[in-house]
Structures are given as structure tokens and as C-alpha cells.
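Undergrad: Below you'll find work-v1.txt; it's compact mmCIF, C-alpha atoms and all ligand atoms.
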# COMPACT_ATOMS: atom_id res chain seq x y z
CA MET A 204 -14.46 6.56 -0.02
CA PRO A 205 -11.36 8.33 -1.38
CA GLN A 206 -8.52 9.06 1.01
CA LYS A 207 -8.73 12.55 2.54
CA ASP A 208 -5.80 14.65 1.40
CA ASN A 209 -5.04 16.04 4.80
CA PHE A 210 -5.33 14.10 8.05
CA THR A 211 -6.58 17.24 9.79
CA ASN A 212 -9.84 16.72 7.89
CA TYR A 213 -10.60 13.63 9.99
CA THR A 214 -12.41 13.84 13.30
CA VAL A 215 -10.38 13.15 16.43
CA TYR A 216 -11.29 11.19 19.54
CA PHE A 217 -10.80 13.69 22.36
CA GLY A 218 -11.99 13.14 25.92
CA ASP A 219 -15.26 11.29 25.50
CA ASP A 220 -16.20 11.69 21.87
CA LEU A 221 -15.26 12.52 18.29
CA VAL A 222 -14.66 16.19 17.59
CA PRO A 223 -13.37 18.11 14.56
CA PHE A 224 -9.55 18.18 14.45
CA ALA A 225 -9.54 21.95 15.09
CA ASN A 226 -11.51 21.46 18.34
CA ALA A 227 -9.09 18.96 19.89
CA ASN A 228 -6.92 21.46 21.77
CA LEU A 229 -4.90 21.61 24.97
CA SER A 230 -4.54 24.59 27.28
CA VAL A 231 -1.20 26.43 27.10
CA ALA A 232 -1.14 26.16 30.90
CA SER A 233 -1.71 22.36 31.05
CA SER A 234 0.97 20.01 32.38
CA ALA A 235 0.87 18.29 28.97
CA VAL A 236 2.13 21.49 27.37
CA LEU A 237 4.26 22.82 30.24
CA TYR A 238 6.15 19.60 31.03
CA GLY A 239 5.39 17.22 28.15
CA LEU A 240 3.36 15.31 30.74
CA SER A 241 1.58 12.96 28.36
CA VAL A 242 2.13 9.32 27.44
CA TYR A 243 1.35 7.82 24.05
CA THR A 244 1.43 4.98 21.62
CA VAL A 245 1.12 4.66 17.85
CA PHE A 246 -0.48 1.60 16.28
CA PRO A 247 -1.28 0.67 12.69
CA VAL A 248 -4.81 0.05 11.44
CA ASN A 249 -4.60 -1.79 8.16
CA LYS A 250 -6.81 -3.04 5.40
CA THR A 251 -7.40 -6.80 5.53
CA LYS A 252 -9.80 -9.12 3.66
CA GLN A 253 -12.16 -8.91 6.66
CA GLY A 254 -12.06 -5.10 6.86
CA MET A 255 -9.88 -2.78 8.93
CA ALA A 256 -7.74 -4.36 11.66
CA ALA A 257 -5.54 -2.92 14.42
CA PHE A 258 -2.22 -4.64 15.13
CA ARG A 259 -1.65 -5.86 18.73
CA LEU A 260 -4.15 -3.35 20.10
CA GLU A 261 -4.34 -4.94 23.54
CA ASP A 262 -0.53 -4.76 23.86
CA HIS A 263 -0.59 -1.09 22.87
CA PHE A 264 -3.29 -0.36 25.44
CA LYS A 265 -1.35 -2.24 28.12
CA ARG A 266 1.84 -0.28 27.37
CA LEU A 267 -0.12 2.98 27.54
CA LEU A 268 -1.45 1.95 30.97
CA GLU A 269 2.05 0.99 32.10
CA SER A 270 3.56 4.27 30.88
CA ALA A 271 0.85 6.19 32.80
CA HIS A 272 1.44 4.01 35.88
CA ILE A 273 5.21 4.60 35.84
CA LEU A 274 4.60 8.37 35.73
CA GLY A 275 1.84 8.33 38.35
CA ILE A 276 -0.90 9.44 35.94
CA ASP A 277 -3.39 7.33 37.84
CA THR A 278 -6.67 8.74 36.49
CA PHE A 279 -6.27 7.01 33.10
CA ALA A 280 -6.68 3.47 34.46
CA GLU A 281 -9.62 4.63 36.61
CA LYS A 282 -11.56 5.64 33.50
CA TRP A 283 -10.44 3.31 30.71
CA ASP A 284 -10.30 -0.45 30.17
CA PHE A 285 -9.44 -2.36 27.02
CA GLU A 286 -13.06 -2.76 25.90
CA SER A 287 -13.84 0.96 26.14
CA PHE A 288 -10.53 1.76 24.41
CA LYS A 289 -11.30 -0.69 21.59
CA ASP A 290 -14.80 0.80 21.21
CA ALA A 291 -13.28 4.29 20.90
CA VAL A 292 -10.78 3.10 18.25
CA THR A 293 -13.58 1.37 16.34
CA LYS A 294 -15.67 4.54 16.42
CA LEU A 295 -12.72 6.63 15.21
CA ILE A 296 -12.07 4.30 12.26
CA THR A 297 -15.67 3.58 11.25
CA GLU A 298 -17.04 7.13 11.60
CA ASN A 299 -14.13 8.48 9.52
CA THR A 300 -14.88 5.66 6.98
CA ILE A 301 -11.22 4.62 6.84
CA THR A 302 -10.60 1.91 4.24
CA HIS A 303 -6.81 2.22 3.73
CA ASP A 304 -3.74 1.68 5.93
CA VAL A 305 -3.32 4.40 8.58
CA PHE A 306 -1.56 5.04 11.88
CA VAL A 307 -3.45 6.03 15.01
CA ARG A 308 -1.68 8.04 17.68
CA ALA A 309 -3.30 7.63 21.10
CA THR A 310 -2.12 9.99 23.84
CA VAL A 311 -3.06 10.46 27.49
CA HIS A 312 -2.61 14.13 28.37
CA VAL A 313 -2.54 15.68 31.83
CA VAL A 314 -4.83 18.65 31.29
CA ASP A 315 -4.96 20.52 34.63
CA ASN A 316 -3.71 24.09 34.47
CA VAL A 317 -0.53 24.90 36.42
CA PRO A 318 -0.83 22.13 39.02
CA GLY A 319 2.94 22.21 39.66
CA THR A 320 5.49 19.49 38.98
CA ARG A 321 3.45 16.47 40.07
CA SER A 322 1.35 13.78 38.45
CA ARG A 323 -0.99 11.98 40.86
CA GLY A 324 -4.69 12.78 41.17
CA LEU A 325 -4.72 15.08 38.15
CA THR A 326 -7.19 15.05 35.26
CA SER A 327 -6.19 13.09 32.19
CA LYS A 328 -7.73 13.13 28.77
CA LEU A 329 -7.33 10.63 25.91
CA SER A 330 -6.81 11.88 22.36
CA MET A 331 -6.61 9.67 19.26
CA PHE A 332 -5.99 10.93 15.77
CA ILE A 333 -5.48 9.25 12.40
CA TYR A 334 -2.48 10.09 10.22
CA PRO A 335 -0.77 8.65 7.13
CA ALA A 336 0.98 5.28 7.51
CA LYS A 337 4.33 6.44 6.22
CA SER A 338 7.71 5.04 7.27
CA ILE A 339 10.08 7.32 9.18
CA LEU A 340 13.03 5.60 7.43
CA PRO A 341 13.80 5.09 3.74
CA ASN A 342 12.06 1.86 2.69
CA ALA A 343 14.99 0.27 0.86
CA SER A 344 17.68 0.71 3.53
CA ALA A 345 18.89 3.19 6.13
CA ARG A 346 22.28 4.64 7.09
CA VAL A 347 22.74 5.40 10.78
CA LYS A 348 25.23 7.24 12.98
CA THR A 349 26.09 6.82 16.64
CA SER A 350 24.41 9.65 18.52
CA VAL A 351 26.43 12.30 20.33
CA TRP A 352 23.48 12.32 22.77
CA ARG A 353 23.15 9.39 25.21
CA ARG A 354 19.82 7.63 25.80
CA VAL A 355 17.89 8.83 28.84
CA PRO A 356 18.63 6.28 31.59
CA ASP A 357 15.94 4.42 33.55
CA ASN A 358 16.83 6.38 36.69
CA ALA A 359 16.32 9.78 34.99
CA ILE A 360 13.50 9.48 32.45
CA PRO A 361 12.65 5.82 31.82
CA ALA A 362 12.79 4.94 28.11
CA ARG A 363 10.45 2.04 28.94
CA ALA A 364 7.66 4.57 29.47
CA LYS A 365 6.54 6.28 26.26
CA VAL A 366 6.54 9.82 27.65
CA ASN A 367 6.01 12.72 25.26
CA GLY A 368 8.51 15.00 27.03
CA ALA A 369 11.23 12.33 26.80
CA TYR A 370 11.09 12.56 23.01
CA VAL A 371 13.26 15.68 23.21
CA ASN A 372 16.06 13.11 23.65
CA SER A 373 15.05 11.46 20.35
CA VAL A 374 14.72 14.82 18.58
CA LEU A 375 18.26 15.85 19.60
CA ALA A 376 19.72 12.56 18.41
CA LYS A 377 17.76 12.29 15.17
CA GLN A 378 18.51 15.90 14.21
CA ASP A 379 22.22 15.34 14.90
CA ALA A 380 22.10 12.33 12.54
CA LEU A 381 20.19 14.25 9.86
CA ASP A 382 22.60 17.18 10.15
CA SER A 383 25.45 14.74 9.48
CA GLY A 384 23.73 13.33 6.40
CA TYR A 385 22.45 10.07 7.97
CA ASP A 386 18.89 8.74 8.14
CA ASP A 387 18.80 8.09 11.88
CA CYS A 388 20.91 7.61 15.00
CA VAL A 389 21.96 4.70 17.17
CA PHE A 390 21.53 5.61 20.82
CA LEU A 391 24.09 4.36 23.33
CA ASP A 392 23.52 4.20 27.08
CA SER A 393 25.79 5.99 29.54
CA ALA A 394 28.19 3.00 29.54
CA GLY A 395 28.40 3.02 25.74
CA HIS A 396 26.17 0.00 25.04
CA VAL A 397 23.65 -0.02 22.20
CA CYS A 398 20.05 0.87 23.08
CA GLU A 399 17.93 1.60 20.02
CA LEU A 400 17.29 4.16 17.26
CA SER A 401 15.45 7.46 17.80
CA ALA A 402 12.05 5.76 17.39
CA ALA A 403 12.70 2.10 16.58
CA ASN A 404 14.36 -0.95 18.11
CA ILE A 405 17.48 -2.54 16.65
CA PHE A 406 18.46 -6.12 15.78
CA LEU A 407 21.65 -7.56 14.34
CA VAL A 408 22.48 -10.93 12.85
CA ARG A 409 25.89 -12.52 13.35
CA ASN A 410 26.75 -16.05 12.23
CA GLY A 411 23.06 -16.94 11.98
CA VAL A 412 22.22 -15.70 15.49
CA LEU A 413 19.68 -12.90 15.97
CA ILE A 414 20.87 -10.45 18.64
CA THR A 415 19.05 -7.50 20.22
CA PRO A 416 19.67 -5.35 23.32
CA ASN A 417 17.72 -6.74 26.28
CA THR A 418 14.83 -4.83 27.83
CA THR A 419 17.06 -3.47 30.64
CA SER A 420 19.18 -1.60 28.06
CA ASP A 421 17.34 1.77 28.35
CA LEU A 422 14.97 1.18 25.46
CA LEU A 423 11.30 1.22 24.69
CA GLU A 424 9.89 -2.31 24.90
CA GLY A 425 8.73 -2.24 21.31
CA ILE A 426 5.70 -4.23 20.28
CA ASN A 427 7.29 -4.95 16.92
CA ARG A 428 10.51 -6.02 18.69
CA ARG A 429 8.42 -8.62 20.54
CA THR A 430 6.81 -9.65 17.24
CA ILE A 431 10.21 -10.17 15.58
CA LEU A 432 11.16 -12.47 18.48
CA THR A 433 8.00 -14.50 17.74
CA TYR A 434 8.94 -14.79 14.06
CA ALA A 435 12.44 -15.95 15.06
CA ALA A 436 10.97 -18.60 17.37
CA ASN A 437 8.63 -19.80 14.59
CA LEU A 438 11.57 -20.04 12.18
CA LYS A 439 13.80 -21.64 14.87
CA ILE A 440 16.41 -18.88 14.50
CA PRO A 441 18.60 -18.72 17.65
CA VAL A 442 18.14 -15.47 19.62
CA GLN A 443 20.26 -13.59 22.14
CA GLU A 444 18.72 -10.72 24.14
CA ARG A 445 21.70 -9.17 25.89
CA THR A 446 24.00 -6.16 26.23
CA VAL A 447 25.28 -5.18 22.78
CA ASP A 448 28.58 -3.39 22.08
CA LEU A 449 28.77 -0.75 19.37
CA THR A 450 31.55 -2.60 17.52
CA GLU A 451 29.32 -5.67 17.23
CA LEU A 452 27.20 -3.55 14.91
CA TYR A 453 30.22 -2.75 12.73
CA ILE A 454 30.96 -6.43 12.07
CA ALA A 455 27.37 -7.71 11.91
CA ASP A 456 26.22 -9.68 8.86
CA GLU A 457 22.86 -7.88 8.94
CA ILE A 458 21.23 -5.09 10.95
CA PHE A 459 17.64 -3.93 10.86
CA ALA A 460 15.37 -1.50 12.66
CA CYS A 461 11.82 -2.36 13.65
CA GLY A 462 8.88 -0.41 14.99
CA THR A 463 5.41 0.72 14.06
CA SER A 464 6.69 3.68 12.03
CA ALA A 465 9.90 1.98 10.87
CA TYR A 466 8.28 -1.36 9.85
CA VAL A 467 11.30 -3.67 9.27
CA THR A 468 14.02 -1.54 7.65
CA PRO A 469 17.47 -2.88 6.68
CA ILE A 470 20.40 -0.85 8.01
CA THR A 471 23.29 -1.06 5.59
CA GLU A 472 25.72 1.50 7.06
CA VAL A 473 26.76 2.46 10.61
CA ASP A 474 29.30 5.24 11.21
CA SER A 475 30.74 4.97 7.66
CA ARG A 476 31.12 1.16 7.96
CA THR A 477 29.27 -0.96 5.40
CA ILE A 478 27.22 -3.70 7.06
CA GLY A 479 27.59 -7.18 5.59
CA SER A 480 27.41 -7.05 1.80
CA GLY A 481 25.91 -3.55 1.88
CA ALA A 482 22.57 -4.96 0.71
CA PRO A 483 19.60 -6.10 2.86
CA GLY A 484 20.37 -9.55 4.29
CA PRO A 485 18.26 -12.71 3.94
CA ILE A 486 16.96 -12.83 7.54
CA THR A 487 16.01 -9.14 7.41
CA SER A 488 14.19 -9.65 4.09
CA THR A 489 12.34 -12.71 5.45
CA PHE A 490 11.14 -10.79 8.53
CA ALA A 491 10.13 -7.75 6.45
CA ALA A 492 8.00 -9.92 4.14
CA MET A 493 6.45 -11.82 7.08
CA HIS A 494 5.63 -8.57 8.84
CA THR A 495 3.82 -7.08 5.85
CA LYS A 496 1.70 -10.25 5.69
CA THR A 497 1.03 -10.16 9.44
CA LEU A 498 -0.14 -6.53 9.34
CA HIS A 499 -2.57 -7.29 6.51
CA GLY A 500 -3.94 -10.57 7.91
CA GLU A 501 -2.35 -12.74 5.23
CA GLN A 502 -0.71 -15.20 7.61
CA ASN A 503 -2.68 -17.72 9.76
CA GLN A 504 0.02 -18.05 12.41
CA THR A 505 -0.11 -14.34 13.31
CA GLU A 506 -3.83 -13.66 12.80
CA LYS A 507 -4.11 -13.63 16.63
CA PHE A 508 -2.28 -10.27 16.64
CA LEU A 509 -5.12 -8.50 14.81
CA THR A 510 -8.19 -6.86 16.31
CA HIS A 511 -10.85 -6.50 13.62
CA LEU A 512 -12.65 -3.19 14.01
CA LEU A 513 -16.21 -3.90 12.89
N1 LIG B 601 11.83 2.78 20.44
C1 LIG B 601 11.36 4.03 20.44
C2 LIG B 601 12.13 5.10 21.13
C3 LIG B 601 10.15 4.32 19.78
O1 LIG B 601 9.66 5.57 19.77
C4 LIG B 601 9.48 3.29 19.09
C5 LIG B 601 8.21 3.60 18.33
N2 LIG B 601 7.09 3.50 19.12
C6 LIG B 601 10.01 1.99 19.14
C7 LIG B 601 11.20 1.77 19.82
C8 LIG B 601 9.28 0.83 18.51
O2 LIG B 601 8.15 0.50 19.28
P1 LIG B 601 6.88 -0.20 18.64
O3 LIG B 601 7.39 -1.45 18.00
O4 LIG B 601 6.00 -0.49 19.79
O5 LIG B 601 6.31 0.74 17.66
What is this file in C-alpha cells?
TA:
Amino acid sequence: MPQKDNFTNYTVYFGDDLVPFANANLSVASSAVLYGLSVYTVFPVNKTKQGMAAFRLEDHFKRLLESAHILGIDTFAEKWDFESFKDAVTKLITENTITHDVFVRATVHVVDNVPGTRSRGLTSKLSMFIYPAKSILPNASARVKTSVWRRVPDNAIPARAKVNGAYVNSVLAKQDALDSGYDDCVFLDSAGHVCELSAANIFLVRNGVLITPNTTSDLLEGINRRTILTYAANLKIPVQERTVDLTELYIADEIFACGTSAYVTPITEVDSRTIGSGAPGPITSTFAAMHTKTLHGEQNQTEKFLTHLL
């Protein structure tokens, strides 16, 4: 079936079933709208030789549960388990006859009207919609700028939880970077250490060592970040997960961003400093090629990451 021109022509999983896109609406008085009280994830569903496959679906579901748990949105786990979630994703993909690479955004919304600033014991509703699998960064390479906005700290709004409302922090930082002519930002924490980009994790390579901020650096525990660490282990590349200084970025041999919507994108400029040779580095290019194969089921070693939606 040909690709639909507009993703709003697909049906959406909303609550308990598929509904037309135009019928998947939230009340203006819901906590989801009033406070951004929703948690979400985005995962790719790609074309493989054995049909459509979701990448690390169980990990995405687990992170969604964890985000809800951190916020106290307890009604999601009461209603959903991985099997029912997988069945809903399968229904969404098969009933929309998807046969090309797409992204699926799955969100748990708190839908009660004006319940006040609280989270426990409220009604939650799952929505899942399909949209084009398009990178948020230029494919060839990206130029980034240190954000004037600091990353939300764990003791204010935890970056570890993928909370819709917290993305105002990412919007501020990304828009600041765009306004300055860059492709994206590098977030620093309140002490000035490197966290991540607006919607992707960051890695650098220095003297053959792969370095990335550790998971207590006010960042989202990216599923692609974890996947890159698996590739590095398979290739026996030494890894350091630790606090990263901004100036380490300036003198890195290679830097890349990774994430569902960033894939593996080389970063060739930070704050007007050219990184390495100014061209994508060899380790970055190796990971990018491996990742494309992984997503499309063309690599035996990583086939375990795919859930075939039949
Ligand atoms: N950090 C942030 C802030 C993000 O929004 C994303 C995208 N979900 C990532 C990192 C990368 O996470 P993942 O690899 O799970 O897509």
C-alpha cells in the first residue's frame, strides 16, 4: 500500500481501541493539558525481511512504566502489561497496513479534569500515533552550541523520566541554538557538566576511548545510548561512563549524538570549535552503519532487539 501523505490520515490507538486521528482528543481541563502531566516514549517500527519490527519495544515499555512510576501516575501499570502493549502496537501497525519505516509515539496522559496539582489515583489514558521516521538532525553532520538554559536537575524535574511538561526545557534550549544558527544544543547541568542534547544523548571519542556522561548526569537514559554501549562492548572499544567537562568536547577526536529521532549523527562543531578533522570520525561511522543494520534486522548479533509485529 502506498505511504499516506499525511500521518493524520492514520488511525490512532487511544484508550482501548483505534480511532480516527481527529477523534483522539484531550480535554482542555485535563492535567495532561494543564500541567503537561503525561509521560511518553518514541520507538521506531521498521521494515525488515520478516515484516515490520519494533526496536527494543520491551525497553521502551519499561521506561514508560518507570516514568509513570516516578511521577506517581499509578493507574498505567494497573491496566497495562508488556503483552497488552505489544498487542496494541501490533494492531496499530497492521490495521494501518504500514509497510515502511515509521516512528510511533506512545503517551500516557492524565485525563481527569481539574483534579489539582497531584498525580496519584487519577485516570490515565494511552495514546499511540504513527508519524514519519525523519531525523531531527541533519543526516551528514550537526553543529551544536552550549545552551544558555541548564538541564532540569533530578531534584526539580527528573530528566530520567520522559515527562511531556519537562520538554519545555528542551524547547527553550533547542530554540536558542536554532536562533544562533546551530542545529541543536548541548545541555549542561547546574555545575557546568555535559548532560545531553535537546532530545538525544551524546558520546565523544578521545584517544580511542568512548566517553559518555553517566546516568546520574541529569539525562534521559536513552535506549539508543544503551545500544551504542553494546556495540562498543562487541567491538572491544574501551568505554568510560562518567562526568564530562565541556572542554573535553572541544578537544575530542569525534563526537556523535544518538537517539531514536537522531539515529547516530556526527557532531562536527561545538561552540565554533571544529571537532577532530571536521568530518565524521571512523568510530562514529562504524556505529552509524551498525545501527542502520540493527534497526532493519540485517545483523544476527542484534536481532534480539527486534520485536516482529505479525
Ligand atoms: N535525551 C532526550 C532528552 C531525549 O528526548 C531522547 C529521545 N527520546 C534521548 C535522549 C534519546 O533516547 P532514546 O535513545 O531512548 O530515543
Undergrad: To check your reading of the model: which residues sit at most 10 Å from ligand LIG 601 (chain B) when counting only C-alpha atoms and all ligand atoms? Write the answer as an mmCIF file with C-alpha atoms, in the coordinates of the input.
TA:
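Listed below is the output, out-v8.cif:
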data_model
loop_
_atom_site.group_PDB
_atom_site.id
_atom_site.type_symbol
_atom_site.label_atom_id
_atom_site.label_comp_id
_atom_site.auth_asym_id
_atom_site.auth_seq_id
_atom_site.Cartn_x
_atom_site.Cartn_y
_atom_site.Cartn_z
ATOM 1 C CA TYR A 243 1.350 7.820 24.050
ATOM 2 C CA THR A 244 1.430 4.980 21.620
ATOM 3 C CA VAL A 245 1.120 4.660 17.850
ATOM 4 C CA PHE A 246 -0.480 1.600 16.280
ATOM 5 C CA PRO A 247 -1.280 0.670 12.690
ATOM 6 C CA ARG A 259 -1.650 -5.860 18.730
ATOM 7 C CA ASP A 262 -0.530 -4.760 23.860
ATOM 8 C CA HIS A 263 -0.590 -1.090 22.870
ATOM 9 C CA ARG A 266 1.840 -0.280 27.370
ATOM 10 C CA ARG A 308 -1.680 8.040 17.680
ATOM 11 C CA ARG A 354 19.820 7.630 25.800
ATOM 12 C CA ALA A 362 12.790 4.940 28.110
ATOM 13 C CA ARG A 363 10.450 2.040 28.940
ATOM 14 C CA ALA A 364 7.660 4.570 29.470
ATOM 15 C CA LYS A 365 6.540 6.280 26.260
ATOM 16 C CA VAL A 366 6.540 9.820 27.650
ATOM 17 C CA ASN A 367 6.010 12.720 25.260
ATOM 18 C CA ALA A 369 11.230 12.330 26.800
ATOM 19 C CA TYR A 370 11.090 12.560 23.010
ATOM 20 C CA ASN A 372 16.060 13.110 23.650
ATOM 21 C CA SER A 373 15.050 11.460 20.350
ATOM 22 C CA PHE A 390 21.530 5.610 20.820
ATOM 23 C CA CYS A 398 20.050 0.870 23.080
ATOM 24 C CA GLU A 399 17.930 1.600 20.020
ATOM 25 C CA LEU A 400 17.290 4.160 17.260
ATOM 26 C CA SER A 401 15.450 7.460 17.800
ATOM 27 C CA ALA A 402 12.050 5.760 17.390
ATOM 28 C CA ALA A 403 12.700 2.100 16.580
ATOM 29 C CA ASN A 404 14.360 -0.950 18.110
ATOM 30 C CA ILE A 405 17.480 -2.540 16.650
ATOM 31 C CA ASP A 421 17.340 1.770 28.350
ATOM 32 C CA LEU A 422 14.970 1.180 25.460
ATOM 33 C CA LEU A 423 11.300 1.220 24.690
ATOM 34 C CA GLU A 424 9.890 -2.310 24.900
ATOM 35 C CA GLY A 425 8.730 -2.240 21.310
ATOM 36 C CA ILE A 426 5.700 -4.230 20.280
ATOM 37 C CA ASN A 427 7.290 -4.950 16.920
ATOM 38 C CA ARG A 428 10.510 -6.020 18.690
ATOM 39 C CA ARG A 429 8.420 -8.620 20.540
ATOM 40 C CA THR A 430 6.810 -9.650 17.240
ATOM 41 C CA ILE A 431 10.210 -10.170 15.580
ATOM 42 C CA ALA A 460 15.370 -1.500 12.660
ATOM 43 C CA CYS A 461 11.820 -2.360 13.650
ATOM 44 C CA GLY A 462 8.880 -0.410 14.990
ATOM 45 C CA THR A 463 5.410 0.720 14.060
ATOM 46 C CA SER A 464 6.690 3.680 12.030
ATOM 47 C CA ALA A 465 9.900 1.980 10.870
ATOM 48 C CA TYR A 466 8.280 -1.360 9.850
ATOM 49 C CA VAL A 467 11.300 -3.670 9.270
#
Undergrad: Please determine, counting all atoms listed in the file, which residue among A:Gln504, A:Ser475, A:Asn209, A:Thr497 has the shortest atom-to-atom distance to Pro335 in chain A.
TA: A:Asn209
Undergrad: Mind giving me the straight-line distance from CA of Ser393 in chain A to CA of Thr487 in chain A in Å, one decimal?
TA: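 Answer for the CA of Ser393 in chain A to CA of Thr487 in chain A separation: 28.5 Å.
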Undergrad: Any idea what the distance is between CA of Leu329 in chain A and CA of Asp357 in chain A?
TA: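 Computed distance, CA of Leu329 in chain A to CA of Asp357 in chain A, equals 25.3 Å.
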Undergrad: Would you kindly return, as a PyMOL selection string, each protein, DNA or RNA residue with an atom no farther than 10 Å from any atom of range 448-454 of chain A, considering only C-alpha atoms and excluding same-chain residues fewer than 3 positions away?
TA: chain A and resi 349+389-391+394-398+405-409+414+416+445+457-458+472-479
Undergrad: Can I get the selection written as a tab-separated table (two decimals), in the frame of the given file, with C-alpha atoms?
TA:
chain	number	residue	atom	x	y	z
A	349	THR	CA	26.09	6.82	16.64
A	389	VAL	CA	21.96	4.70	17.17
A	390	PHE	CA	21.53	5.61	20.82
A	391	LEU	CA	24.09	4.36	23.33
A	394	ALA	CA	28.19	3.00	29.54
A	395	GLY	CA	28.40	3.02	25.74
A	396	HIS	CA	26.17	0.00	25.04
A	397	VAL	CA	23.65	-0.02	22.20
A	398	CYS	CA	20.05	0.87	23.08
A	405	ILE	CA	17.48	-2.54	16.65
A	406	PHE	CA	18.46	-6.12	15.78
A	407	LEU	CA	21.65	-7.56	14.34
A	408	VAL	CA	22.48	-10.93	12.85
A	409	ARG	CA	25.89	-12.52	13.35
A	414	ILE	CA	20.87	-10.45	18.64
A	416	PRO	CA	19.67	-5.35	23.32
A	445	ARG	CA	21.70	-9.17	25.89
A	457	GLU	CA	22.86	-7.88	8.94
A	458	ILE	CA	21.23	-5.09	10.95
A	472	GLU	CA	25.72	1.50	7.06
A	473	VAL	CA	26.76	2.46	10.61
A	474	ASP	CA	29.30	5.24	11.21
A	475	SER	CA	30.74	4.97	7.66
A	476	ARG	CA	31.12	1.16	7.96
A	477	THR	CA	29.27	-0.96	5.40
A	478	ILE	CA	27.22	-3.70	7.06
A	479	GLY	CA	27.59	-7.18	5.59
Undergrad: Using all atoms listed in the file for the distances, tell me which of A:Val313, A:Tyr213, A:Ile360, A:Val248 is nearest to Ile273 in chain A.
TA: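 Between A:Val313, A:Tyr213, A:Ile360, A:Val248, the residue approaching Ile273 in chain A most closely is A:Ile360.
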Undergrad: Closest to Leu509 in chain A among A:Leu375, A:Glu269, A:Lys496, A:Glu298, using only C-alpha atoms?
TA: A:Lys496
Undergrad: Counting only C-alpha atoms, write as a ChimeraX atom specification all protein and nucleic acid residues lying at most 12 Å from (2.3, 22.7, 25.6) in the file's frame.
TA: /A:228-241,312-317,367-368
Undergrad: Env of His303 in chain A: 8 Å cut, atoms = all atoms listed in the file, seq-sep filter 2 positions within chain, self excluded. Answer as a PyMOL selection string.
TA: chain A and resi 206+249-250+255+301+305
Undergrad: I'd like the contact shell of Phe217 in chain A - 9 Å cut-off, all atoms listed in the file, skipping same-chain residues fewer than 3 positions apart - returned as a list in words.
TA: Asp220, Leu221, Val222, Asn226, Ala227, Asn228, Lys328, Leu329, Ser330, Met331 and Phe332 of chain A
Undergrad: For CA of Glu286 in chain A and CA of Ser338 in chain A, determine how far apart the two atoms are, in Å to one decimal place.
TA: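 Value for the CA of Glu286 in chain A-CA of Ser338 in chain A distance: 29.0 Å.
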Undergrad: I need the residue nearest Val215 in chain A from this list: A:Val412, A:Ile440, A:Leu340, A:Ile333. Use all atoms listed in the file for the distance.
TA: A:Ile333
